[in-house]
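Novice: Contents of input-v3.tsv (TSV, C-alpha atoms) are given next:
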chain	number	residue	atom	x	y	z
A	1	MET	CA	-78.24	61.39	36.43
A	2	GLU	CA	-77.12	60.22	39.87
A	3	LYS	CA	-75.40	57.20	38.32
A	4	SER	CA	-73.51	59.47	35.90
A	5	LYS	CA	-72.27	61.66	38.78
A	6	LYS	CA	-71.09	58.59	40.68
A	7	THR	CA	-69.18	57.32	37.63
A	8	GLU	CA	-67.55	60.72	37.12
A	9	HIS	CA	-66.57	60.83	40.81
A	10	LEU	CA	-64.94	57.37	40.63
A	11	LYS	CA	-63.09	58.36	37.46
A	12	ARG	CA	-61.66	61.50	39.10
A	13	LYS	CA	-60.69	59.48	42.17
A	14	ALA	CA	-58.80	56.93	40.02
A	15	GLU	CA	-56.99	59.72	38.13
A	16	LYS	CA	-55.90	61.35	41.43
A	17	LYS	CA	-54.61	57.99	42.68
A	18	LEU	CA	-52.61	57.45	39.49
A	19	LEU	CA	-51.12	60.96	39.69
A	20	LYS	CA	-50.14	60.38	43.32
A	21	ASP	CA	-48.40	57.10	42.44
A	22	LYS	CA	-46.50	58.71	39.57
A	23	ARG	CA	-45.29	61.53	41.84
A	24	LYS	CA	-44.06	59.00	44.41
A	25	ILE	CA	-42.18	57.01	41.73
A	26	LYS	CA	-40.60	60.18	40.32
A	27	LYS	CA	-39.46	61.18	43.81
A	28	LEU	CA	-37.97	57.71	44.35
A	29	GLU	CA	-36.08	57.88	41.04
A	30	LYS	CA	-34.65	61.31	41.86
A	31	SER	CA	-33.49	60.20	45.30
A	32	VAL	CA	-31.43	57.36	43.81
A	33	VAL	CA	-30.43	58.47	40.33
A	34	GLY	CA	-29.71	62.01	41.48
A	35	LYS	CA	-26.94	60.75	43.77
A	36	LYS	CA	-25.15	59.00	40.92
A	37	LYS	CA	-22.29	60.68	39.18
A	38	VAL	CA	-22.97	60.28	35.49
A	39	GLU	CA	-19.67	59.56	33.78
A	40	PRO	CA	-19.04	60.18	30.09
A	41	ALA	CA	-19.13	57.12	27.86
A	42	VAL	CA	-15.68	55.70	27.28
A	43	ASN	CA	-16.36	54.40	23.80
A	44	GLU	CA	-16.26	56.40	20.60
A	45	LYS	CA	-19.38	57.34	18.68
A	46	SER	CA	-20.82	54.31	16.97
A	47	THR	CA	-20.63	54.21	13.21
A	48	GLU	CA	-22.40	50.90	12.80
A	49	GLY	CA	-24.01	48.24	14.92
A	50	ARG	CA	-26.63	48.56	17.64
A	51	ASN	CA	-26.50	51.63	19.90
A	52	PHE	CA	-29.33	50.66	22.27
A	53	THR	CA	-29.56	48.06	25.03
A	54	ILE	CA	-32.23	45.60	26.12
A	55	SER	CA	-32.54	44.62	29.78
A	56	VAL	CA	-34.74	41.91	31.27
A	57	ALA	CA	-35.64	41.63	34.97
A	58	LEU	CA	-37.16	38.63	36.76
A	59	PRO	CA	-37.33	37.26	40.31
A	60	GLY	CA	-34.97	34.45	41.31
A	61	SER	CA	-37.87	32.83	43.19
A	62	ILE	CA	-38.92	31.09	39.96
A	63	LEU	CA	-36.29	28.43	40.78
A	64	ASP	CA	-38.32	27.46	43.87
A	65	ASN	CA	-41.02	26.25	41.51
A	66	ALA	CA	-38.74	23.49	40.18
A	67	GLN	CA	-38.74	20.16	42.01
A	68	SER	CA	-35.08	19.11	41.81
A	69	PRO	CA	-31.58	20.59	41.41
A	70	GLU	CA	-31.46	19.26	37.85
A	71	LEU	CA	-34.74	20.96	36.93
A	72	ARG	CA	-33.68	24.22	38.62
A	73	THR	CA	-30.50	24.19	36.56
A	74	TYR	CA	-32.38	23.42	33.35
A	75	LEU	CA	-34.84	26.23	34.08
A	76	ALA	CA	-31.93	28.67	34.39
A	77	GLY	CA	-30.64	27.37	31.05
A	78	GLN	CA	-34.01	28.10	29.42
A	79	ILE	CA	-33.86	31.68	30.70
A	80	ALA	CA	-30.35	32.14	29.29
A	81	ARG	CA	-31.29	30.68	25.88
A	82	ALA	CA	-34.38	32.89	25.59
A	83	CYS	CA	-32.37	36.01	26.41
A	84	VAL	CA	-29.53	35.42	23.96
A	85	ILE	CA	-31.91	34.51	21.12
A	86	PHE	CA	-33.36	38.04	21.39
A	87	GLN	CA	-30.01	39.75	22.11
A	88	VAL	CA	-30.66	40.79	25.71
A	89	ASP	CA	-27.73	42.82	27.07
A	90	GLU	CA	-28.52	42.78	30.80
A	91	ILE	CA	-30.39	40.34	33.04
A	92	VAL	CA	-31.50	41.71	36.40
A	93	ILE	CA	-32.45	39.19	39.08
A	94	PHE	CA	-34.45	40.71	41.90
A	95	ASP	CA	-35.62	39.45	45.27
A	96	GLU	CA	-39.40	39.78	45.25
A	97	SER	CA	-39.45	39.22	49.03
A	98	ALA	CA	-37.14	42.28	49.43
A	99	ASN	CA	-35.20	40.45	52.17
A	100	ASN	CA	-31.97	39.77	50.30
A	101	SER	CA	-29.00	42.12	50.70
A	102	ASP	CA	-26.63	40.09	48.50
A	103	LYS	CA	-25.19	42.05	45.57
A	104	THR	CA	-22.81	39.48	44.04
A	105	THR	CA	-22.56	35.75	43.47
A	106	GLU	CA	-19.50	35.52	45.73
A	107	GLY	CA	-19.71	33.57	48.97
A	108	GLU	CA	-20.61	30.13	50.25
A	109	PHE	CA	-23.37	27.96	48.84
A	110	SER	CA	-26.58	28.43	50.85
A	111	GLY	CA	-28.81	26.00	49.00
A	112	VAL	CA	-32.05	26.55	47.17
A	113	GLY	CA	-35.58	26.37	48.51
A	114	LYS	CA	-37.60	28.09	51.17
A	115	LYS	CA	-34.52	28.66	53.35
A	116	GLY	CA	-31.99	29.15	50.57
A	117	ASN	CA	-31.21	31.87	48.06
A	118	PRO	CA	-32.45	31.09	44.53
A	119	ASN	CA	-31.42	34.57	43.34
A	120	ILE	CA	-27.73	33.75	43.80
A	121	GLN	CA	-27.99	30.34	42.15
A	122	LEU	CA	-29.84	31.70	39.13
A	123	ALA	CA	-27.28	34.53	38.77
A	124	ARG	CA	-24.32	32.13	39.03
A	125	ILE	CA	-25.68	29.72	36.40
A	126	LEU	CA	-26.48	32.56	34.02
A	127	GLN	CA	-22.96	33.98	34.47
A	128	TYR	CA	-21.44	30.56	33.85
A	129	LEU	CA	-23.37	30.03	30.63
A	130	GLU	CA	-22.52	33.49	29.26
A	131	CYS	CA	-18.79	32.99	29.83
A	132	PRO	CA	-16.88	31.56	26.82
A	133	GLN	CA	-15.96	27.92	27.42
A	134	TYR	CA	-12.19	28.51	27.32
A	135	LEU	CA	-12.47	31.05	30.19
A	136	ARG	CA	-14.69	29.08	32.56
A	137	LYS	CA	-11.87	27.38	34.44
A	138	SER	CA	-10.39	30.80	35.23
A	139	PHE	CA	-13.58	32.29	36.65
A	140	PHE	CA	-15.74	29.39	37.88
A	141	PRO	CA	-14.16	26.96	40.34
A	142	LYS	CA	-16.12	23.87	41.26
A	143	HIS	CA	-19.35	24.90	43.00
A	144	PRO	CA	-22.58	23.08	44.07
A	145	ASP	CA	-24.70	25.58	42.13
A	146	LEU	CA	-23.02	24.43	38.92
A	147	GLN	CA	-23.19	20.70	39.62
A	148	TYR	CA	-25.60	20.04	36.75
A	149	ALA	CA	-24.48	22.80	34.37
A	150	GLY	CA	-23.09	20.14	32.04
A	151	ILE	CA	-26.62	19.11	30.99
A	152	LEU	CA	-27.45	22.58	29.65
A	153	ASN	CA	-27.63	23.51	26.00
A	154	PRO	CA	-24.79	25.85	24.95
A	155	LEU	CA	-25.68	29.47	24.19
A	156	ASP	CA	-23.49	29.50	21.07
A	157	CYS	CA	-23.13	33.30	21.11
A	158	PRO	CA	-20.72	35.08	18.71
A	159	HIS	CA	-18.12	35.46	21.49
A	160	HIS	CA	-18.16	31.70	22.18
A	161	MET	CA	-15.65	30.78	19.50
A	162	ARG	CA	-13.09	28.11	18.68
A	163	GLU	CA	-9.35	28.78	18.75
A	164	ASP	CA	-8.99	28.95	14.95
A	165	ALA	CA	-12.03	31.20	14.40
A	166	ASP	CA	-11.30	34.53	12.72
A	167	SER	CA	-12.98	37.34	14.64
A	168	PRO	CA	-12.26	41.07	15.07
A	169	TYR	CA	-12.96	40.80	18.81
A	170	ARG	CA	-12.37	38.20	21.50
A	171	GLU	CA	-12.94	37.78	25.23
A	172	GLY	CA	-9.90	36.94	27.31
A	173	VAL	CA	-8.37	36.68	30.76
A	174	VAL	CA	-5.22	38.62	31.74
A	175	LEU	CA	-2.38	36.25	32.63
A	176	ASP	CA	0.13	36.60	35.44
A	177	ARG	CA	3.22	36.53	33.24
A	178	PRO	CA	6.37	38.69	33.21
A	179	ILE	CA	6.38	41.42	30.56
A	180	LYS	CA	9.06	43.66	29.13
A	181	SER	CA	9.19	47.34	29.98
A	182	GLY	CA	6.89	49.39	27.76
A	183	LYS	CA	4.86	46.34	26.75
A	184	GLY	CA	1.34	45.33	27.76
A	185	SER	CA	0.00	42.25	29.55
A	186	PHE	CA	-0.49	38.84	27.97
A	187	VAL	CA	-4.07	37.59	27.58
A	188	ASN	CA	-5.52	34.15	26.97
A	189	CYS	CA	-8.16	34.75	24.28
A	190	GLY	CA	-8.67	31.10	23.39
A	191	THR	CA	-6.41	31.39	20.35
A	192	VAL	CA	-3.52	29.14	19.28
A	193	LYS	CA	-1.12	31.83	20.52
A	194	LEU	CA	-1.35	34.26	23.42
A	195	VAL	CA	-2.36	37.87	22.76
A	196	GLN	CA	-0.30	40.82	23.99
A	197	ILE	CA	-2.48	43.87	24.64
A	198	ASP	CA	-1.63	47.58	24.74
A	199	LYS	CA	-2.01	48.02	28.51
A	200	VAL	CA	-0.67	46.54	31.73
A	201	LEU	CA	-3.64	45.14	33.65
A	202	GLN	CA	-4.17	43.20	36.85
A	203	PRO	CA	-4.02	39.41	36.32
A	204	ASN	CA	-7.20	37.28	36.30
A	205	VAL	CA	-9.37	40.11	34.93
A	206	ARG	CA	-11.75	39.46	32.05
A	207	VAL	CA	-11.24	41.83	29.11
A	208	THR	CA	-12.63	42.44	25.63
A	209	VAL	CA	-9.85	42.59	23.05
A	210	LYS	CA	-9.85	43.99	19.52
A	211	MET	CA	-7.54	41.76	17.52
A	212	LEU	CA	-4.92	43.56	15.41
A	213	PRO	CA	-3.65	42.27	12.05
A	214	GLU	CA	-0.93	39.62	12.40
A	215	THR	CA	2.56	40.77	11.46
A	216	GLU	CA	5.89	39.03	10.82
A	217	LYS	CA	7.38	41.07	13.66
A	218	HIS	CA	5.69	39.04	16.36
A	219	LYS	CA	5.45	35.38	15.40
A	220	LYS	CA	5.25	34.14	18.98
A	221	TYR	CA	2.04	35.94	19.88
A	222	PHE	CA	-0.84	37.97	18.48
A	223	GLU	CA	-1.38	41.65	19.21
A	224	GLY	CA	-4.58	43.24	20.47
A	225	ARG	CA	-6.08	46.35	21.99
A	226	VAL	CA	-8.37	46.47	25.05
A	227	VAL	CA	-11.79	47.96	24.27
A	228	PRO	CA	-14.97	48.55	26.32
A	229	PRO	CA	-17.25	45.46	26.51
A	230	GLU	CA	-19.96	47.19	24.47
A	231	THR	CA	-17.68	47.91	21.48
A	232	PRO	CA	-18.47	44.67	19.58
A	233	ARG	CA	-22.18	45.61	19.77
A	234	THR	CA	-21.84	49.29	18.87
A	235	HIS	CA	-19.02	49.05	16.32
A	236	GLY	CA	-19.02	45.48	15.10
A	237	ALA	CA	-22.78	44.78	14.97
A	238	LEU	CA	-22.12	41.66	17.07
A	239	TYR	CA	-24.20	40.39	19.98
A	240	TRP	CA	-21.69	40.02	22.81
A	241	GLY	CA	-23.65	38.31	25.57
A	242	TYR	CA	-25.30	39.73	28.70
A	243	THR	CA	-24.25	41.06	32.06
A	244	ILE	CA	-25.88	40.06	35.37
A	245	ARG	CA	-27.13	42.45	38.03
A	246	LEU	CA	-28.62	41.49	41.40
A	247	ALA	CA	-31.30	43.79	42.82
A	248	SER	CA	-32.50	43.47	46.41
A	249	SER	CA	-36.05	44.61	45.56
A	250	LEU	CA	-38.34	45.56	42.69
A	251	SER	CA	-37.74	49.28	43.24
A	252	HIS	CA	-33.97	48.76	42.94
A	253	VAL	CA	-34.49	47.15	39.54
A	254	LEU	CA	-35.87	50.47	38.31
A	255	THR	CA	-33.64	52.93	40.14
A	256	GLN	CA	-30.19	51.31	40.01
A	257	CYS	CA	-29.59	51.42	36.28
A	258	PRO	CA	-25.87	50.69	35.61
A	259	PHE	CA	-25.52	52.49	32.28
A	260	ARG	CA	-23.20	55.47	32.62
A	261	ASP	CA	-24.48	57.56	29.72
A	262	SER	CA	-27.96	58.13	31.18
A	263	GLY	CA	-28.16	56.74	34.71
A	264	LYS	CA	-31.71	55.51	34.07
A	265	TYR	CA	-33.77	53.38	31.70
A	266	ASP	CA	-35.48	55.41	28.95
A	267	VAL	CA	-38.42	53.01	28.62
A	268	THR	CA	-39.74	50.52	31.17
A	269	ILE	CA	-42.28	47.80	30.38
A	270	GLY	CA	-44.09	45.65	32.91
A	271	THR	CA	-45.66	42.38	31.75
A	272	SER	CA	-48.89	40.89	33.11
A	273	GLU	CA	-52.10	39.23	31.96
A	274	LYS	CA	-53.78	42.32	33.45
A	275	GLY	CA	-51.86	44.62	31.11
A	276	ASP	CA	-52.93	46.28	27.87
A	277	PRO	CA	-52.91	44.10	24.72
A	278	VAL	CA	-49.56	44.23	22.92
A	279	ASP	CA	-51.11	44.16	19.43
A	280	ASP	CA	-51.30	47.93	18.95
A	281	PHE	CA	-48.18	48.78	20.97
A	282	GLN	CA	-45.82	51.33	19.41
A	283	LEU	CA	-42.39	52.29	20.72
A	284	GLU	CA	-40.45	55.43	19.90
A	285	GLY	CA	-36.65	55.68	19.91
A	286	PHE	CA	-34.85	54.72	23.12
A	287	LYS	CA	-31.37	54.16	24.50
A	288	HIS	CA	-31.98	51.66	27.31
A	289	LEU	CA	-35.08	49.44	27.41
A	290	LEU	CA	-36.12	47.47	30.51
A	291	ILE	CA	-38.71	44.66	30.44
A	292	VAL	CA	-39.81	43.31	33.83
A	293	PHE	CA	-41.38	39.89	34.48
A	294	GLY	CA	-43.06	38.61	37.63
A	295	GLY	CA	-42.80	35.21	39.26
A	296	VAL	CA	-45.48	32.72	40.23
A	297	LYS	CA	-47.44	35.42	42.10
A	298	GLY	CA	-46.87	38.07	39.45
A	299	LEU	CA	-45.37	41.53	39.91
A	300	GLU	CA	-47.82	42.15	42.75
A	301	ALA	CA	-45.61	40.07	45.09
A	302	GLY	CA	-42.59	42.31	44.53
A	303	LEU	CA	-44.71	45.45	44.95
A	304	ASP	CA	-46.37	44.30	48.18
A	305	ASN	CA	-43.05	43.41	49.87
A	306	ASP	CA	-41.12	46.52	48.85
A	307	GLU	CA	-41.08	49.15	51.63
A	308	GLU	CA	-39.93	51.84	49.19
A	309	LEU	CA	-43.09	51.33	47.14
A	310	ILE	CA	-45.60	51.57	50.00
A	311	GLY	CA	-48.59	53.57	48.85
A	312	ILE	CA	-48.38	52.51	45.20
A	313	SER	CA	-51.55	50.59	44.54
A	314	GLU	CA	-50.81	48.70	41.31
A	315	PRO	CA	-47.70	47.42	39.48
A	316	ARG	CA	-48.91	49.19	36.33
A	317	HIS	CA	-48.05	52.57	37.90
A	318	LEU	CA	-44.35	51.61	38.13
A	319	PHE	CA	-43.81	51.36	34.38
A	320	ASP	CA	-44.11	53.47	31.25
A	321	TYR	CA	-46.09	50.63	29.66
A	322	TYR	CA	-47.95	47.67	31.19
A	323	LEU	CA	-48.51	44.99	28.58
A	324	ASN	CA	-50.23	41.65	28.12
A	325	THR	CA	-47.97	40.06	25.52
A	326	CYS	CA	-50.19	37.02	24.98
A	327	PRO	CA	-53.80	38.33	25.06
A	328	ILE	CA	-55.41	35.03	23.97
A	329	GLN	CA	-53.78	32.28	26.01
A	330	GLY	CA	-54.99	28.69	26.18
A	331	SER	CA	-53.43	27.97	29.56
A	332	ARG	CA	-54.47	29.56	32.85
A	333	THR	CA	-50.84	30.44	33.51
A	334	ILE	CA	-47.77	31.30	31.50
A	335	ARG	CA	-44.52	30.40	33.23
A	336	THR	CA	-41.83	33.07	33.48
A	337	GLU	CA	-39.42	31.26	31.14
A	338	GLU	CA	-42.27	31.02	28.61
A	339	ALA	CA	-43.30	34.64	29.17
A	340	ILE	CA	-39.79	35.82	28.28
A	341	LEU	CA	-39.89	34.02	24.92
A	342	VAL	CA	-43.46	35.13	24.17
A	343	SER	CA	-42.87	38.76	25.19
A	344	LEU	CA	-39.56	39.26	23.43
A	345	SER	CA	-40.99	37.67	20.31
A	346	ALA	CA	-44.02	39.99	20.41
A	347	LEU	CA	-41.86	43.07	21.06
A	348	ARG	CA	-39.13	42.26	18.53
A	349	PRO	CA	-40.76	44.09	15.57
A	350	VAL	CA	-41.01	47.37	17.51
A	351	VAL	CA	-37.61	47.05	19.24
A	352	PHE	CA	-35.53	46.05	16.20
A	353	LYS	CA	-37.18	48.30	13.64
Mind turning this structure into structure tokens?
Specialist:
Amino acid sequence: MEKSKKTEHLKRKAEKKLLKDKRKIKKLEKSVVGKKKVEPAVNEKSTEGRNFTISVALPGSILDNAQSPELRTYLAGQIARACVIFQVDEIVIFDESANNSDKTTEGEFSGVGKKGNPNIQLARILQYLECPQYLRKSFFPKHPDLQYAGILNPLDCPHHMREDADSPYREGVVLDRPIKSGKGSFVNCGTVKLVQIDKVLQPNVRVTVKMLPETEKHKKYFEGRVVPPETPRTHGALYWGYTIRLASSLSHVLTQCPFRDSGKYDVTIGTSEKGDPVDDFQLEGFKHLLIVFGGVKGLEAGLDNDEELIGISEPRHLFDYYLNTCPIQGSRTIRTEEAILVSLSALRPVVFK
């Protein structure tokens, strides 16, 4: 009888703790998301294609686990390959030590290791790989982070195309060329001829262009129309690569969602060997899905170092679902690059249903 009372007491205590953590997370979300001005989506309603997004978050510290610059670069390449295979739209790289204030990959090289910044290097390599080959010279000058990028396997995404490939959409860079009054800017889209778009834009900006049918009127160049970057996905049923976001802490991964139509992720999933088995997992409809991976020390490291998450006892309380995507593993550890492949493979049937 006494043992039963003690069990019931512990159960109630655990439930109170969970409720307290959820309230704290909700308060944190409101404080950040509530300040954002939610803008209307600029694209038209989708008639075909995929109208949801998949985001993956991981700590840049995983590069510190590689023993040489070549291996660090190759590790970044494995991450990129895994993400494009499963059509990931956004990769968020967070600082699990919560000491990094950098928000972009601009700036001088600071090296990698205990005193360097692996988050920046990982972000830069991932950006380089996602960029179509014919645009890389325009956006990626020579940089130490990219010294060994030549050894990496190409992503071979739909927007990485040859000059004679026939495609309804292309990525391009706006050129600094004189234009006639009433005409739009010229864009290098990797085609045999330049493309003239419908708007005048600032030079050296990357744009997504919808190619218009070729006419006899303009034999010297093609014509195109600038569209939002998500249009090939929502209207053309094409996977169009991923974007990169840097987050200074684990909490900022969750609260700084960049998507304008909602301002937050509909469904968040944390991955851990301590999570619930993925076998019976079911997922209802969603607009923006976020899957978060830990580093060598797991998600606990990011939670322990994040001042905004003080008082939250377990990583599981941060997410809608906390899953073990490989319940029966033969190795004591699953590396992050392996976990991404395993997890996305396990979740694919419920995401793309």
Novice: Determine the nearest neighbour of Ile340 of chain A from the options A:Pro132, A:Val56, A:Val195, A:Ile244, counting only C-alpha atoms.
Specialist: A:Val56
Novice: Let me make sure I understand: among A:Lys287, A:Gly302, A:Leu129, A:Arg170, which one has the smallest atom-to-atom distance to Glu314 of chain A if we use only C-alpha atoms?
Specialist: A:Gly302
Novice: Here is a test: counting only C-alpha atoms, which residue of A:Glu230, A:Ala165, A:Leu289, A:Asn51 is nearest to Tyr242 of chain A?
Specialist: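 Of A:Glu230, A:Ala165, A:Leu289, A:Asn51, the one nearest Tyr242 of chain A, counting only C-alpha atoms, is A:Glu230.
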Novice: Return the single residue from A:Glu273, A:Glu48, A:Glu284, A:Asp95 that is closest to Ser331 of chain A, with distances computed using all atoms listed in the file.
Specialist: A:Glu273
Novice: Excluding segment 328-330 of chain A and any residue of its chain fewer than 2 positions from it, enumerate the residues within 12 Å of it, using only C-alpha atoms, and give them as a PDB file with C-alpha atoms, in the frame of the given file.
Specialist:
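Output below, filename result-v1.pdb:
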ATOM      1  CA  GLU A 273     -52.100  39.230  31.960  1.00  0.00           C
ATOM      2  CA  PRO A 277     -52.910  44.100  24.720  1.00  0.00           C
ATOM      3  CA  VAL A 278     -49.560  44.230  22.920  1.00  0.00           C
ATOM      4  CA  ASP A 279     -51.110  44.160  19.430  1.00  0.00           C
ATOM      5  CA  ASN A 324     -50.230  41.650  28.120  1.00  0.00           C
ATOM      6  CA  THR A 325     -47.970  40.060  25.520  1.00  0.00           C
ATOM      7  CA  CYS A 326     -50.190  37.020  24.980  1.00  0.00           C
ATOM      8  CA  ARG A 332     -54.470  29.560  32.850  1.00  0.00           C
ATOM      9  CA  THR A 333     -50.840  30.440  33.510  1.00  0.00           C
ATOM     10  CA  ILE A 334     -47.770  31.300  31.500  1.00  0.00           C
ATOM     11  CA  ARG A 335     -44.520  30.400  33.230  1.00  0.00           C
ATOM     12  CA  GLU A 338     -42.270  31.020  28.610  1.00  0.00           C
ATOM     13  CA  ALA A 339     -43.300  34.640  29.170  1.00  0.00           C
ATOM     14  CA  VAL A 342     -43.460  35.130  24.170  1.00  0.00           C
TER      15      VAL A 342
END
Novice: Tell me which protein, DNA and RNA residues are within 9 Å of segment 79-92 of chain A, counting all atoms listed in the file, leaving out same-chain ones fewer than 2 positions away, and put them as a count of residues only.
Specialist: 42
Novice: For atom CA of Gly236 of chain A and atom CA of Gly190 of chain A, quote the distance in Å rounded to one decimal.
Specialist: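 Rounded to one decimal, the two atoms are 19.6 Å apart.
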Novice: A:Ile269, A:Val205, A:Asn99, A:Asp164: which is nearest His317 of chain A, counting only C-alpha atoms?
Specialist: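 Among A:Ile269, A:Val205, A:Asn99, A:Asp164, it is A:Ile269 that comes nearest to His317 of chain A.
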Novice: Hey, which of A:Leu283, A:Leu238, A:Ala66, A:Leu146 ends up closest to Tyr321 of chain A? Count all atoms listed in the file.
Specialist: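 For Tyr321 of chain A, the nearest of the candidates is A:Leu283.
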Novice: Please identify all polymer residues within 8 Å of segment 137-143 of chain A, counting all atoms listed in the file, omitting same-chain residues fewer than 2 positions from it, and present them as a list in words.
Specialist: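 Using all atoms listed in the file, the neighbours found are Phe109, Tyr128, Tyr134, Leu135, Asp145, Leu146, Gln147, Val173 and Asn204 of chain A.
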Novice: Which value, in Å to one decimal, gives the distance between atom CA of Cys257 of chain A and atom CA of Phe319 of chain A?
Specialist: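 Distance between the two atoms: 14.3 Å.
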Novice: Separation of atom CA of Gln78 of chain A and atom CA of Leu318 of chain A, in Å?
Specialist: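 Distance between the two atoms: 27.1 Å.
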